[in-house]
Amino acid sequence: MLLLYFFTGIGLNAKLDDLVSGGRPLILLLALTLAYLVIQNLIAAGSVAALGLPKGITAFVGSASLIGGHGTTIAWAPIISERFGLANALEVGIATATLGLVVASLVGGPTAGLLIARHNLAGSLAPDPVVGLPDDPADKPVDDLSHIQLLRTVLVLNMVILIGYALDEVVALTGVKLPLFVVCLLVGIVVTNTIPRMFPGLEWPTRTRALALVSDLSLNIFLAMSLMSMPLWTLGGLGLSLVVVLVAQTIAAVAYIVFVVFPTMGGNYEAAVISAGFTGISLGATPTAIANMTAVTKLHGACARAFIILPLVSAFFIDIANALAIGFMVR
């Protein structure tokens with residue numbers, strides 16, 4: 001539910017002009033992500049062969065656990081375990097996904113910070129937050145966020161989420177599988193670009209401090225609950241070989257971000273923010289990617305479009321390609 005509030009808020013912040021101008025970056029980011037999915041699995045296969053590890057864990061030191069995260073790991077574990085006769089397939093996958101989340105959280109911000117400092121970049125400081133409010137509100141007026149605005153924002157969020165639930169059932173009937181938060185994100189985009197145009201005098205929560213507050217709070221609580229529930233002790237029984245593979249994957253991800261993703265996405269501030277989020281795509285999960293981008297934008301300035309195109313790539317398009325890649329590895 002917290003993820004639904006967060007991504008619905010992202011959708012409500014999506015202005016049509018941003019989306020129209022985001023077409024090319026969306027395609028570029030998708031192509032870069034698909035290319036890295038192949039690279040990540042090649043590194044996994046090569047490492048497994050070089051270290052003499054069981055062939056069946058290739059997917060779990062590759063895109064199944066790192067790009068796919070815990071959900072994909074749990075879904076594929078029974079199939080891989082039966083196919084290759086691995087009794088501890090689930091444990092290896094969960095441990096890899098957990099460590100990937102931790103590493104992604106640690107390297108995302110510093111990587112983006114290095115790029116921003118090296119190229120002297122900065123974002124917009126306009127007072128229209130997408131997500132994340134400054135930790136020090138001393139320079140903000142105290143009367144620009146009222147309880148009425150907050151309640152109105154929660155009302156709009158709930159209405160959009162209800163529409164998302166209903167639409168999700170319709171989509172399911174067609175046989176297409178989409179994460180519920182992606183459906184809510186898309187509904188939020190449609191609603192926020194139609195309702196205010198139909199009713200010009202209506203107060204709408206797009207780019208308001210109330211919506212930024214709800215989004216920020218939802219994401220922070222979700223991440224805290226997720227990290228508290230992770231079985232980090234499962235990492236203790238893993239061998240040195242698995243750690244070596246994960247180190248190699250981390251180095252490859254950071255190098256790909258710095259030398260490929262950042263320049264290809266334009267080498268500007270938006271590219272640096274997306275680079276922070278790409279660590280979540282390549283090593284963690286979508287919430288980790290968003291958390292990294294939120295931390296960067298709170299420090300260096302807003303970047304609305306990055307919060308739209310990255311979730312669409314990491315939570316929708318890449319899942320389809322990842323499923324095909326995993327299926328190829330376990331056939």
# chains A, B, ... in the order shown; residues from 1 in each chain; ligands from 1
$ residues_around --residues "stretch 51-66 of chain A" --least-positions-apart "4" --cutoff "6 Å" --atoms "only C-alpha atoms" --output "list in words"
Gln40, Asn41, Ala44, Ala45, Ser47, Thr73, Phe84, Gly93, Ala97, Gly100, Leu283 and Gly284 of chain A
$ closest_residue --among "A:Ala224, A:Leu32, A:Val92, A:Ile251" --to "A:Ala104" --atoms "only C-alpha atoms"
A:Ile251
$ atom_distance --atom1 "atom CA of A:Gly327" --atom2 "atom CA of A:Ile43"
17.2 Å
$ residues_around --residues "A:Cys303" --least-positions-apart "2" --cutoff "8 Å" --atoms "only C-alpha atoms" --output "PyMOL selection string"
chain A and resi 123-124+130+270+273+297+301+305-307
